[in-house]
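*Asks:* Pasting coords12.cif here (mmCIF, C-alpha atoms and all ligand atoms):
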```cif
data_entry
loop_
_atom_site.label_atom_id
_atom_site.label_comp_id
_atom_site.auth_asym_id
_atom_site.auth_seq_id
_atom_site.Cartn_x
_atom_site.Cartn_y
_atom_site.Cartn_z
CA MET A 271 0.00 0.00 0.00
CA ARG A 272 1.33 3.42 -1.06
CA LYS A 273 0.36 6.00 1.56
CA LEU A 274 0.49 9.77 1.71
CA ILE A 275 2.23 10.37 5.03
CA ASN A 276 1.98 13.27 7.41
CA HIS A 277 3.61 16.63 7.82
CA ALA A 278 3.58 18.31 11.25
CA LYS A 279 4.03 21.93 12.28
CA SER A 280 4.51 20.79 15.85
CA LEU A 281 4.01 17.68 18.01
CA GLN A 282 2.28 18.01 21.37
CA GLY A 283 0.79 15.54 23.84
CA LYS A 284 1.53 12.13 25.22
CA LEU A 285 1.38 8.50 24.21
CA THR A 286 1.82 5.11 25.83
CA ILE A 287 4.48 2.97 24.21
CA PRO A 288 3.29 -0.57 23.29
CA GLY A 289 4.92 -3.71 24.69
CA ASP A 290 8.50 -4.73 24.04
CA LYS A 291 8.76 -7.07 21.06
CA SER A 292 11.81 -8.98 22.29
CA ILE A 293 10.30 -9.57 25.74
CA SER A 294 6.87 -10.49 24.31
CA HIS A 295 8.36 -13.26 22.12
CA ARG A 296 10.35 -14.64 25.02
CA SER A 297 7.44 -14.53 27.49
CA VAL A 298 5.40 -16.87 25.29
CA MET A 299 8.31 -19.21 24.54
CA PHE A 300 9.38 -19.50 28.18
CA GLY A 301 5.74 -19.79 29.26
CA SER A 302 5.37 -22.73 26.87
CA ILE A 303 8.31 -24.72 28.25
CA ALA A 304 7.59 -23.86 31.90
CA GLU A 305 5.34 -25.98 34.08
CA GLY A 306 1.97 -24.40 34.87
CA GLU A 307 0.30 -21.22 33.81
CA THR A 308 2.01 -17.99 32.68
CA ARG A 309 -0.02 -14.76 32.57
CA ILE A 310 1.41 -11.91 30.49
CA THR A 311 0.30 -8.27 30.60
CA GLY A 312 1.50 -5.62 28.15
CA PHE A 313 2.12 -8.26 25.45
CA LEU A 314 2.77 -6.68 22.04
CA ARG A 315 -0.10 -7.66 19.74
CA ALA A 316 1.81 -7.00 16.52
CA ASP A 317 2.40 -9.39 13.61
CA ASP A 318 5.81 -10.70 14.73
CA CYS A 319 4.69 -11.63 18.25
CA LEU A 320 1.32 -12.94 17.07
CA ASN A 321 3.30 -15.28 14.82
CA THR A 322 5.17 -16.54 17.87
CA ILE A 323 1.83 -17.31 19.56
CA LYS A 324 0.61 -19.02 16.38
CA VAL A 325 3.61 -21.35 16.05
CA MET A 326 3.67 -22.23 19.78
CA ARG A 327 -0.01 -23.21 19.43
CA GLN A 328 0.95 -25.37 16.45
CA LEU A 329 3.45 -27.06 18.76
CA GLY A 330 0.64 -28.09 21.09
CA ILE A 331 0.59 -25.21 23.59
CA GLN A 332 -2.76 -23.73 24.63
CA ILE A 333 -2.57 -19.94 24.59
CA HIS A 334 -5.55 -17.66 25.33
CA ASP A 335 -5.97 -13.93 24.97
CA ASN A 336 -8.61 -12.48 27.31
CA GLY A 337 -7.95 -8.91 26.18
CA ASP A 338 -6.04 -7.98 29.35
CA GLU A 339 -3.66 -10.90 29.50
CA ILE A 340 -2.13 -13.57 27.34
CA ILE A 341 -2.39 -16.87 29.21
CA VAL A 342 0.03 -19.65 28.31
CA GLU A 343 -0.65 -23.19 29.58
CA GLY A 344 2.94 -24.37 29.92
CA ARG A 345 3.67 -28.06 29.34
CA GLY A 346 7.24 -28.27 30.62
CA MET A 347 10.48 -28.85 28.78
CA ASN A 348 9.26 -32.06 27.13
CA GLY A 349 5.73 -30.93 26.44
CA LEU A 350 6.01 -29.65 22.87
CA ARG A 351 4.22 -31.72 20.22
CA PRO A 352 5.01 -32.05 16.49
CA SER A 353 3.16 -29.77 14.10
CA LYS A 354 1.69 -31.31 10.94
CA GLU A 355 1.98 -27.98 9.19
CA ILE A 356 5.09 -25.89 8.47
CA LEU A 357 5.81 -23.36 11.23
CA ASP A 358 5.44 -20.07 9.34
CA VAL A 359 6.97 -17.26 11.39
CA GLY A 360 6.33 -14.52 8.81
CA ASN A 361 8.83 -11.66 9.06
CA SER A 362 10.23 -12.48 12.48
CA GLY A 363 13.96 -13.16 12.75
CA THR A 364 13.67 -13.45 16.53
CA THR A 365 11.04 -16.19 16.27
CA ILE A 366 12.90 -18.39 13.77
CA ARG A 367 16.24 -18.15 15.58
CA LEU A 368 14.95 -18.68 19.13
CA LEU A 369 12.60 -21.42 17.98
CA SER A 370 15.53 -23.22 16.32
CA GLY A 371 17.19 -23.44 19.73
CA LEU A 372 13.98 -24.62 21.34
CA LEU A 373 13.30 -27.31 18.71
CA ALA A 374 16.91 -28.45 18.24
CA GLY A 375 16.72 -31.03 21.03
CA GLN A 376 13.23 -32.40 20.35
CA SER A 377 12.36 -35.92 19.31
CA PHE A 378 10.26 -34.88 16.31
CA THR A 379 10.77 -33.12 12.97
CA SER A 380 9.90 -29.45 12.46
CA VAL A 381 10.07 -27.16 9.44
CA ILE A 382 10.29 -23.40 10.05
CA ALA A 383 9.73 -20.94 7.20
CA GLY A 384 9.05 -17.24 6.76
CA ASP A 385 8.23 -14.51 4.27
CA ASN A 386 10.41 -13.33 1.36
CA SER A 387 12.45 -11.03 3.59
CA LEU A 388 13.07 -13.65 6.28
CA ASN A 389 13.99 -16.24 3.68
CA LYS A 390 17.01 -14.07 2.75
CA ARG A 391 18.33 -13.70 6.30
CA PRO A 392 21.38 -15.70 7.45
CA MET A 393 20.74 -18.80 9.55
CA GLN A 394 24.22 -20.41 9.63
CA ARG A 395 24.86 -18.29 12.72
CA VAL A 396 22.39 -20.44 14.69
CA ILE A 397 22.82 -23.68 12.75
CA ALA A 398 26.60 -23.84 13.38
CA PRO A 399 26.50 -23.81 17.21
CA LEU A 400 23.36 -25.97 17.37
CA GLU A 401 24.99 -28.60 15.12
CA GLN A 402 28.02 -28.56 17.41
CA MET A 403 25.59 -29.46 20.19
CA GLY A 404 24.42 -32.46 18.16
CA ALA A 405 21.34 -30.96 16.46
CA LYS A 406 20.40 -31.93 12.90
CA ILE A 407 19.37 -28.79 11.05
CA SER A 408 19.45 -27.97 7.38
CA GLY A 409 18.38 -24.93 5.43
CA ASP A 410 18.16 -23.70 1.88
CA LYS A 411 21.25 -22.89 -0.30
CA ASP A 412 23.99 -24.66 1.72
CA SER A 413 21.96 -24.12 4.88
CA GLU A 414 22.36 -20.38 4.76
CA PHE A 415 18.66 -19.51 4.57
CA PRO A 416 15.19 -20.64 5.71
CA PRO A 417 13.17 -22.82 5.42
CA LEU A 418 14.93 -24.77 8.18
CA THR A 419 14.30 -28.47 8.73
CA ILE A 420 15.09 -29.68 12.22
CA GLU A 421 15.28 -33.43 12.64
CA PRO A 422 14.73 -35.53 15.76
CA ILE A 423 17.72 -36.46 17.93
CA ASN A 424 18.18 -38.29 21.20
CA GLU A 425 20.00 -35.64 23.18
CA LEU A 426 21.97 -32.40 22.83
CA HIS A 427 25.32 -32.01 24.52
CA ALA A 428 26.84 -28.91 26.09
CA ILE A 429 29.46 -26.88 24.21
CA GLU A 430 31.66 -23.89 24.82
CA TYR A 431 30.95 -21.38 22.07
CA GLU A 432 32.66 -18.11 21.28
CA MET A 433 30.20 -16.08 19.23
CA PRO A 434 31.56 -14.59 15.98
CA VAL A 435 28.74 -11.97 15.86
CA ALA A 436 27.14 -9.82 18.55
CA SER A 437 23.61 -11.23 18.41
CA ALA A 438 21.03 -11.71 21.14
CA GLN A 439 19.12 -14.07 18.86
CA VAL A 440 22.08 -16.42 18.46
CA LYS A 441 22.89 -16.21 22.18
CA SER A 442 19.27 -16.98 23.04
CA ALA A 443 19.08 -19.96 20.66
CA ILE A 444 22.14 -21.48 22.35
CA ILE A 445 20.74 -20.83 25.84
CA LEU A 446 17.41 -22.44 24.91
CA ALA A 447 19.24 -25.45 23.49
CA GLY A 448 21.59 -25.48 26.50
CA LEU A 449 18.58 -25.90 28.78
CA GLN A 450 17.89 -29.22 27.06
CA ALA A 451 21.54 -30.35 26.83
CA GLU A 452 23.52 -32.76 28.95
CA GLY A 453 26.15 -30.75 30.89
CA GLU A 454 27.03 -27.06 31.17
CA THR A 455 26.92 -24.88 28.05
CA VAL A 456 29.17 -21.82 27.90
CA VAL A 457 28.44 -18.90 25.57
CA ILE A 458 31.04 -16.15 25.15
CA GLU A 459 29.62 -12.95 23.66
CA LYS A 460 31.55 -10.75 21.24
CA GLU A 461 29.83 -7.67 22.65
CA GLN A 462 27.13 -7.65 25.26
CA SER A 463 23.75 -7.85 23.51
CA ARG A 464 20.24 -7.53 24.94
CA ASN A 465 19.89 -9.76 28.00
CA HIS A 466 16.14 -10.47 28.04
CA THR A 467 16.61 -14.23 27.69
CA GLU A 468 18.96 -14.37 30.67
CA GLU A 469 16.61 -12.20 32.75
CA MET A 470 13.54 -14.16 31.82
CA LEU A 471 15.13 -17.53 32.45
CA GLN A 472 15.87 -16.39 36.01
CA GLN A 473 12.37 -14.97 36.37
CA PHE A 474 10.98 -18.42 35.49
CA GLY A 475 13.02 -19.97 38.30
CA GLY A 476 15.95 -21.14 36.17
CA SER A 477 19.56 -20.31 36.86
CA LEU A 478 22.60 -19.28 34.86
CA GLN A 479 25.93 -17.74 35.69
CA ILE A 480 26.93 -14.48 34.04
CA ASP A 481 30.45 -13.15 34.28
CA ASP A 482 30.86 -10.15 31.99
CA LYS A 483 30.49 -11.65 28.49
CA VAL A 484 30.60 -15.30 29.62
CA ILE A 485 27.30 -17.09 30.26
CA ARG A 486 27.08 -20.60 31.74
CA ILE A 487 23.90 -22.62 31.74
CA LYS A 488 23.19 -26.14 32.99
CA GLY A 489 20.85 -28.49 31.18
CA GLY A 490 17.89 -30.27 32.75
CA GLN A 491 16.38 -27.34 34.68
CA THR A 492 12.69 -27.10 35.46
CA LEU A 493 10.98 -23.75 34.85
CA ARG A 494 7.75 -22.61 36.52
CA GLY A 495 4.96 -20.46 35.06
CA GLN A 496 5.02 -16.79 36.08
CA ARG A 497 3.25 -13.45 35.87
CA ILE A 498 5.11 -11.31 33.35
CA GLU A 499 4.67 -7.59 32.89
CA VAL A 500 6.07 -6.47 29.53
CA PRO A 501 7.32 -2.86 29.56
CA GLY A 502 7.01 -0.56 26.52
CA ASP A 503 9.49 -1.08 23.69
CA ILE A 504 12.29 1.50 23.56
CA SER A 505 12.78 0.55 19.90
CA SER A 506 9.21 1.73 19.20
CA ALA A 507 9.61 4.78 21.44
CA ALA A 508 12.70 5.71 19.38
CA PHE A 509 10.57 7.06 16.51
CA PHE A 510 8.76 9.46 18.81
CA LEU A 511 11.91 10.39 20.73
CA ALA A 512 13.40 11.43 17.40
CA ALA A 513 10.23 13.17 16.19
CA GLY A 514 9.95 15.23 19.38
CA LEU A 515 13.56 16.37 19.03
CA ILE A 516 13.47 17.47 15.37
CA VAL A 517 9.91 18.67 14.65
CA PRO A 518 9.72 22.41 15.51
CA ASN A 519 7.85 23.60 18.62
CA SER A 520 7.37 20.13 20.04
CA GLU A 521 7.10 18.62 23.48
CA ILE A 522 5.93 15.05 23.91
CA LEU A 523 5.67 12.64 26.81
CA LEU A 524 6.30 8.96 26.12
CA GLU A 525 4.88 6.75 28.85
CA ASN A 526 6.15 3.33 29.92
CA VAL A 527 9.44 3.08 27.99
CA GLY A 528 11.49 -0.02 28.94
CA MET A 529 14.89 1.11 30.22
CA ASN A 530 16.94 -2.12 30.22
CA GLU A 531 20.61 -1.02 30.12
CA THR A 532 21.40 -3.36 27.23
CA ARG A 533 18.79 -1.56 25.11
CA SER A 534 19.11 2.10 26.04
CA GLY A 535 21.99 3.19 23.80
CA ILE A 536 19.73 5.69 22.02
CA ILE A 537 19.35 7.67 25.26
CA ASP A 538 23.15 8.00 25.47
CA VAL A 539 23.24 9.17 21.84
CA ILE A 540 20.47 11.74 22.34
CA LYS A 541 22.38 13.14 25.34
CA ALA A 542 25.65 13.23 23.37
CA MET A 543 23.85 15.12 20.58
CA GLY A 544 22.60 17.72 23.07
CA GLY A 545 18.93 16.66 22.94
CA ASP A 546 16.49 18.01 25.51
CA ILE A 547 15.29 14.86 27.27
CA THR A 548 13.93 14.23 30.78
CA ILE A 549 13.67 10.71 32.14
CA ASP A 550 11.43 9.85 35.10
CA MET A 551 11.97 6.27 36.21
CA ARG A 552 8.81 4.48 37.34
CA GLU A 553 8.59 2.68 40.67
CA ASN A 554 8.95 -0.69 38.94
CA ARG A 555 12.54 0.38 37.99
CA ILE A 556 12.13 -1.23 34.57
CA SER A 557 10.41 1.55 32.67
CA ALA A 558 10.34 5.34 32.54
CA ASP A 559 8.20 8.24 31.39
CA ILE A 560 10.30 10.31 29.01
CA THR A 561 9.77 13.88 27.82
CA VAL A 562 11.52 15.23 24.73
CA ARG A 563 11.46 18.77 23.38
CA THR A 564 12.64 20.33 20.12
CA SER A 565 16.43 20.70 20.24
CA GLN A 566 19.34 21.98 18.21
CA LEU A 567 21.35 18.78 17.87
CA LYS A 568 25.06 18.33 17.21
CA ALA A 569 26.82 15.50 15.39
CA THR A 570 28.39 12.53 17.17
CA THR A 571 30.30 9.31 16.47
CA ILE A 572 28.61 5.97 17.18
CA GLY A 573 30.55 2.69 17.16
CA GLY A 574 31.98 -0.16 19.23
CA SER A 575 30.17 -1.70 22.18
CA ILE A 576 27.20 0.70 22.02
CA ILE A 577 26.08 -0.75 18.66
CA PRO A 578 24.17 -3.79 20.02
CA ARG A 579 22.52 -1.46 22.56
CA LEU A 580 20.86 0.53 19.76
CA ILE A 581 21.04 -1.69 16.68
CA ASP A 582 17.36 -1.34 15.71
CA GLU A 583 17.38 2.41 16.40
CA LEU A 584 20.17 3.22 13.92
CA PRO A 585 17.84 4.09 11.01
CA VAL A 586 16.07 6.77 13.06
CA ILE A 587 19.36 7.91 14.63
CA ALA A 588 20.66 8.48 11.08
CA LEU A 589 17.61 10.68 10.48
CA LEU A 590 18.38 12.66 13.67
CA ALA A 591 21.90 13.16 12.33
CA THR A 592 20.58 14.72 9.09
CA GLN A 593 19.17 17.53 11.25
CA ALA A 594 22.23 17.95 13.52
CA GLU A 595 25.11 20.34 13.13
CA GLY A 596 28.19 18.58 11.74
CA ILE A 597 29.03 15.14 10.39
CA THR A 598 27.86 12.03 12.26
CA VAL A 599 29.73 8.77 11.75
CA ILE A 600 28.06 5.41 12.42
CA LYS A 601 30.51 2.49 12.31
CA ASP A 602 30.84 -1.17 13.40
CA ALA A 603 27.23 -1.66 12.33
CA GLU A 604 27.59 -4.19 9.48
CA GLU A 605 24.82 -6.25 11.12
CA LEU A 606 22.41 -3.68 9.67
CA LYS A 607 22.94 -5.32 6.29
CA VAL A 608 21.21 -8.55 7.39
CA LYS A 609 18.04 -7.20 8.98
CA GLU A 610 14.60 -7.12 7.29
CA THR A 611 16.38 -5.17 4.52
CA ASN A 612 19.94 -4.01 4.07
CA ARG A 613 19.32 -1.06 6.39
CA ILE A 614 22.57 0.74 5.49
CA GLN A 615 21.46 0.88 1.87
CA ALA A 616 17.78 1.54 2.63
CA VAL A 617 18.48 4.45 5.00
CA ALA A 618 20.97 6.15 2.69
CA SER A 619 19.01 5.67 -0.54
CA GLN A 620 15.62 6.72 0.81
CA LEU A 621 16.75 9.69 2.89
CA ASN A 622 18.94 10.85 -0.01
CA HIS A 623 15.77 10.75 -2.18
CA MET A 624 14.48 13.34 0.28
CA GLN A 625 17.67 15.42 -0.28
CA ALA A 626 19.68 14.23 2.71
CA ASN A 627 23.43 13.83 2.27
CA ILE A 628 24.36 10.36 3.53
CA ILE A 629 27.26 8.19 2.39
CA GLU A 630 27.13 4.42 2.80
CA THR A 631 30.23 2.73 4.17
CA GLU A 632 31.11 -0.96 4.62
CA ASP A 633 30.04 -0.92 8.26
CA GLY A 634 27.77 2.08 8.63
CA LEU A 635 26.91 5.56 7.43
CA ILE A 636 28.43 9.02 7.23
CA VAL A 637 25.65 11.55 7.68
CA HIS A 638 26.16 15.21 6.78
CA GLY A 639 23.95 17.25 9.06
CA GLY A 640 21.91 20.38 8.52
CA THR A 641 20.14 19.17 5.38
CA PRO A 642 16.55 20.33 4.86
CA LEU A 643 14.48 17.37 3.58
CA ALA A 644 12.15 17.52 0.56
CA GLY A 645 9.09 15.72 -0.82
CA ALA A 646 9.52 12.38 -2.62
CA THR A 647 8.05 8.93 -3.06
CA VAL A 648 10.04 6.69 -0.74
CA ASP A 649 10.08 2.97 -0.13
CA SER A 650 10.06 1.07 3.16
CA PHE A 651 10.94 -2.09 1.17
CA GLY A 652 8.55 -3.80 3.62
CA ASP A 653 10.89 -3.07 6.54
CA HIS A 654 8.93 -1.67 9.51
CA ARG A 655 11.85 0.29 10.96
CA ILE A 656 12.57 1.94 7.61
CA GLY A 657 8.87 2.75 7.10
CA MET A 658 8.49 4.38 10.52
CA MET A 659 11.75 6.31 10.17
CA LEU A 660 10.54 7.70 6.81
CA GLN A 661 7.24 8.82 8.36
CA VAL A 662 9.21 10.73 11.02
CA ALA A 663 11.33 12.28 8.24
CA ALA A 664 8.17 13.30 6.36
CA LEU A 665 6.95 15.24 9.42
CA LEU A 666 9.63 17.82 8.52
CA VAL A 667 8.56 18.18 4.88
CA LYS A 668 5.84 20.53 3.58
CA GLU A 669 5.51 18.86 0.16
CA ASP A 670 3.79 15.49 -0.25
CA VAL A 671 5.69 12.39 0.79
CA PHE A 672 4.38 9.01 -0.34
CA LEU A 673 5.50 5.84 1.42
CA LYS A 674 5.46 2.48 -0.33
CA GLU A 675 4.48 -0.67 1.61
CA ALA A 676 3.38 1.49 4.54
CA GLU A 677 1.46 -1.44 6.08
CA CYS A 678 4.79 -2.93 7.22
CA VAL A 679 4.44 -0.94 10.48
CA ASN A 680 2.08 -3.73 11.61
CA ILE A 681 5.12 -5.94 12.13
CA SER A 682 6.03 -4.17 15.37
CA TYR A 683 3.72 -1.14 15.86
CA PRO A 684 0.18 -1.45 14.43
CA THR A 685 -1.03 1.86 15.96
CA PHE A 686 1.99 3.86 14.77
CA PHE A 687 0.24 6.11 12.21
CA ASP A 688 -2.68 6.76 14.62
CA GLU A 689 -0.23 7.93 17.30
CA VAL A 690 1.43 10.29 14.80
CA LEU A 691 -1.98 11.77 13.97
CA ASN A 692 -2.83 12.18 17.67
CA LEU A 693 0.35 14.15 18.31
CA THR A 694 -0.11 16.39 15.28
CA GLY A 695 -3.62 17.25 16.51
CA THR A 696 -5.26 16.19 13.26
CA ALA A 697 -6.79 12.90 14.40
CA GLY A 698 -10.43 12.00 14.03
O1 LIG B 701 16.86 -10.97 20.40
C1 LIG B 701 16.07 -10.11 19.97
O2 LIG B 701 14.91 -10.00 20.41
C2 LIG B 701 16.54 -9.20 18.91
C3 LIG B 701 17.88 -9.10 18.63
C4 LIG B 701 18.46 -8.24 17.60
O3 LIG B 701 18.85 -9.06 16.50
P1 LIG B 701 20.28 -9.81 16.45
O4 LIG B 701 20.32 -10.84 17.49
O5 LIG B 701 20.30 -10.41 15.06
O6 LIG B 701 21.29 -8.74 16.62
C5 LIG B 701 17.47 -7.20 17.12
O7 LIG B 701 17.93 -6.60 15.94
C6 LIG B 701 16.09 -7.78 16.90
O8 LIG B 701 15.18 -6.78 16.53
C7 LIG B 701 15.55 -8.41 18.16
C1 LIG B 702 15.56 -6.87 13.26
C2 LIG B 702 14.35 -6.85 13.81
O1 LIG B 702 13.59 -7.94 14.16
P1 LIG B 702 13.77 -9.48 13.80
O2 LIG B 702 15.23 -9.80 13.71
O3 LIG B 702 13.07 -10.22 14.91
O4 LIG B 702 13.06 -9.71 12.48
C3 LIG B 702 13.72 -5.56 14.16
O5 LIG B 702 12.64 -5.61 14.79
O6 LIG B 702 14.23 -4.47 13.82
#
```
Mind converting the file's structure to structure tokens?
*Replies:*
Amino acid sequence: MRKLINHAKSLQGKLTIPGDKSISHRSVMFGSIAEGETRITGFLRADDCLNTIKVMRQLGIQIHDNGDEIIVEGRGMNGLRPSKEILDVGNSGTTIRLLSGLLAGQSFTSVIAGDNSLNKRPMQRVIAPLEQMGAKISGDKDSEFPPLTIEPINELHAIEYEMPVASAQVKSAIILAGLQAEGETVVIEKEQSRNHTEEMLQQFGGSLQIDDKVIRIKGGQTLRGQRIEVPGDISSAAFFLAAGLIVPNSEILLENVGMNETRSGIIDVIKAMGGDITIDMRENRISADITVRTSQLKATTIGGSIIPRLIDELPVIALLATQAEGITVIKDAEELKVKETNRIQAVASQLNHMQANIIETEDGLIVHGGTPLAGATVDSFGDHRIGMMLQVAALLVKEDVFLKEAECVNISYPTFFDEVLNLTGTAG
């Protein structure tokens, strides 16, 4: 769907940020392999997480949605049942990679597939460690891509694995397989990535040892159903943090933003760029209410260990940099090339269509600041983060901006365009 997207003279008001996508996926997966009932509030009802519910149901887990809560009837570590149908996870990289770890040690065959975008994303990164653990997994084109076929085995064994990429999805797949393995599995991270799997495992009564970038997990643990409260997703909040900073005469309050340290790199960047941001931590200590106001931003350099802490926010951070004073350099971010699209290429090509001045590099972007943006027809290429970033860019532009495949926002933020309208005061 090609959509005429909005311009804004100013943004005012408040919005509540919907549930964290990473935590929502994990809450349903852990709930499924725990014993007893798990009740989840704040679950993100967006396409990616709904696909996780769908495939866990296919694997024999009863999951109900009563409007307030998602209720998962856990069946324990050996309670999953074979699915007659292919497990279609749609666009969700998190689902296919975590599910591979979960299914690697089972005594039945599974086939996991996805949409055209997912079927181009690399899977060797999970297949290699899982095969070392004794799993039998094959994919398309020398096992680089989905669909993945996972065959039955008797038992997984523990390994020590030094990760070649900084990836929470790979780490999580190994931890989920490690739970089913004989012995103690050791994962050594390249850089610290989001730690939701480690936190949730402990919340479900499991244990692991974490020493800096080294994680140790023993097989054969029993998990117990829990009450899980999912905080708002900082990766969704990022679009409104950016919008509030660059649209003139704006002040917006974002409620319930998850503040996990392994995810909050964008806050550090906004501060380094001189953005006007106020953070009020909530009593639960896991989320905050954040106010942003229009700011004159300055350029910064982003690279190294902060990258995994803001990987999904880099497209909208690049947009911020187009409006800052000076040249912003984003480096060490080659992982952007293997997301829903090649995000290095997508960000540079589409913002440059709008008259930005961005140079693609091997591992990031060089963004020349202070460029007024102009009307154009731009393409999300079906990538939700690119689509939402382009809508924020369009807020600055008086001429018409048309966005191709605008419906992709449903992947992580179905109410995104409605929230934009609410803040511009033109809703309803
Ligand atoms: O574990 C997760 O929930 C995620 C990890 C990241 O991917 P990688 O593990 O590929 O870096 C991130 O980009 C993705 O949106 C969600
Ligand atoms: C990369 C993303 O998700 P996934 O890997 O789960 O498709 C994302 O949401 O930006």
*Asks:* Neighbouring residues of ligand LIG 702 (chain B) are defined here as those with any atom at most 10 Å from a ligand atom, counting all atoms listed in the file; list them as a VMD selection string.
*Replies:* chain A and resid 291 to 292 295 318 to 319 359 to 368 387 to 388 391 437 to 439 505 to 506 581 to 585 605 to 606 608 to 611 613 653 to 656 681 to 682
*Asks:* Can those selected residues be exported to a file as a JSON list (two decimals), in the coordinates of the input so that it contains C-alpha atoms?
*Replies:*
```json
[["chain", "number", "residue", "atom", "x", "y", "z"],
["A", 291, "LYS", "CA", 8.76, -7.07, 21.06],
["A", 292, "SER", "CA", 11.81, -8.98, 22.29],
["A", 295, "HIS", "CA", 8.36, -13.26, 22.12],
["A", 318, "ASP", "CA", 5.81, -10.70, 14.73],
["A", 319, "CYS", "CA", 4.69, -11.63, 18.25],
["A", 359, "VAL", "CA", 6.97, -17.26, 11.39],
["A", 360, "GLY", "CA", 6.33, -14.52, 8.81],
["A", 361, "ASN", "CA", 8.83, -11.66, 9.06],
["A", 362, "SER", "CA", 10.23, -12.48, 12.48],
["A", 363, "GLY", "CA", 13.96, -13.16, 12.75],
["A", 364, "THR", "CA", 13.67, -13.45, 16.53],
["A", 365, "THR", "CA", 11.04, -16.19, 16.27],
["A", 366, "ILE", "CA", 12.90, -18.39, 13.77],
["A", 367, "ARG", "CA", 16.24, -18.15, 15.58],
["A", 368, "LEU", "CA", 14.95, -18.68, 19.13],
["A", 387, "SER", "CA", 12.45, -11.03, 3.59],
["A", 388, "LEU", "CA", 13.07, -13.65, 6.28],
["A", 391, "ARG", "CA", 18.33, -13.70, 6.30],
["A", 437, "SER", "CA", 23.61, -11.23, 18.41],
["A", 438, "ALA", "CA", 21.03, -11.71, 21.14],
["A", 439, "GLN", "CA", 19.12, -14.07, 18.86],
["A", 505, "SER", "CA", 12.78, 0.55, 19.90],
["A", 506, "SER", "CA", 9.21, 1.73, 19.20],
["A", 581, "ILE", "CA", 21.04, -1.69, 16.68],
["A", 582, "ASP", "CA", 17.36, -1.34, 15.71],
["A", 583, "GLU", "CA", 17.38, 2.41, 16.40],
["A", 584, "LEU", "CA", 20.17, 3.22, 13.92],
["A", 585, "PRO", "CA", 17.84, 4.09, 11.01],
["A", 605, "GLU", "CA", 24.82, -6.25, 11.12],
["A", 606, "LEU", "CA", 22.41, -3.68, 9.67],
["A", 608, "VAL", "CA", 21.21, -8.55, 7.39],
["A", 609, "LYS", "CA", 18.04, -7.20, 8.98],
["A", 610, "GLU", "CA", 14.60, -7.12, 7.29],
["A", 611, "THR", "CA", 16.38, -5.17, 4.52],
["A", 613, "ARG", "CA", 19.32, -1.06, 6.39],
["A", 653, "ASP", "CA", 10.89, -3.07, 6.54],
["A", 654, "HIS", "CA", 8.93, -1.67, 9.51],
["A", 655, "ARG", "CA", 11.85, 0.29, 10.96],
["A", 656, "ILE", "CA", 12.57, 1.94, 7.61],
["A", 681, "ILE", "CA", 5.12, -5.94, 12.13],
["A", 682, "SER", "CA", 6.03, -4.17, 15.37]]
```
*Asks:* One number please: CA of Glu421 in chain A to CA of Ser380 in chain A, in Å, one decimal.
*Replies:*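 Separating CA of Glu421 in chain A from CA of Ser380 in chain A is a distance of 6.7 Å.
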*Asks:* Set the distance at 9 Å and use all atoms listed in the file: which residues neighbour Ile407 in chain A once local chain neighbours fewer than 6 positions away are removed? I'd like the list as a CSV table (one decimal) with C-alpha atoms, in the frame of the given file.
*Replies:*
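Saved as out-v7.csv:
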```
chain,number,residue,atom,x,y,z
A,370,SER,CA,15.5,-23.2,16.3
A,374,ALA,CA,16.9,-28.4,18.2
A,397,ILE,CA,22.8,-23.7,12.8
A,400,LEU,CA,23.4,-26.0,17.4
A,401,GLU,CA,25.0,-28.6,15.1
A,413,SER,CA,22.0,-24.1,4.9
A,418,LEU,CA,14.9,-24.8,8.2
A,419,THR,CA,14.3,-28.5,8.7
A,420,ILE,CA,15.1,-29.7,12.2
A,421,GLU,CA,15.3,-33.4,12.6
```
*Asks:* What's the separation between CA of Gly404 in chain A and atom C7 of ligand LIG 701 (chain B), in Å to one decimal place?
*Replies:*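 For CA of Gly404 in chain A relative to atom C7 of ligand LIG 701 (chain B), the distance reads 25.6 Å.
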*Asks:* List as an MDAnalysis selection string the residues having at least one atom at most 8 Å from position (17.9, -1.5, 24.0) as given in the file, counting only C-alpha atoms.
*Replies:* chainID A and resid 464 504:505 529:536 578:581
*Asks:* To one decimal place in Å, what is the distance between CA of Phe474 in chain A and CA of Gly528 in chain A?
*Replies:*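 It comes out at 19.5 Å.
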*Asks:* Starting from the sparse input, extend range 632-636 of chain A to N, CA and C atoms and give the output as a compact mmCIF listing (two decimals), in the frame of the given file.
*Replies:*
```txt
# COMPACT_ATOMS: atom_id res chain seq x y z
N GLU A 632 31.16 0.49 4.44
CA GLU A 632 31.11 -0.96 4.62
C GLU A 632 30.39 -1.34 5.90
N ASP A 633 30.59 -0.53 6.95
CA ASP A 633 30.04 -0.92 8.26
C ASP A 633 29.17 0.17 8.87
N GLY A 634 28.63 1.05 8.05
CA GLY A 634 27.77 2.08 8.63
C GLY A 634 27.44 3.19 7.66
N LEU A 635 27.37 4.40 8.21
CA LEU A 635 26.91 5.56 7.43
C LEU A 635 27.69 6.80 7.85
N ILE A 636 27.91 7.69 6.89
CA ILE A 636 28.43 9.02 7.23
C ILE A 636 27.31 10.00 6.87
```
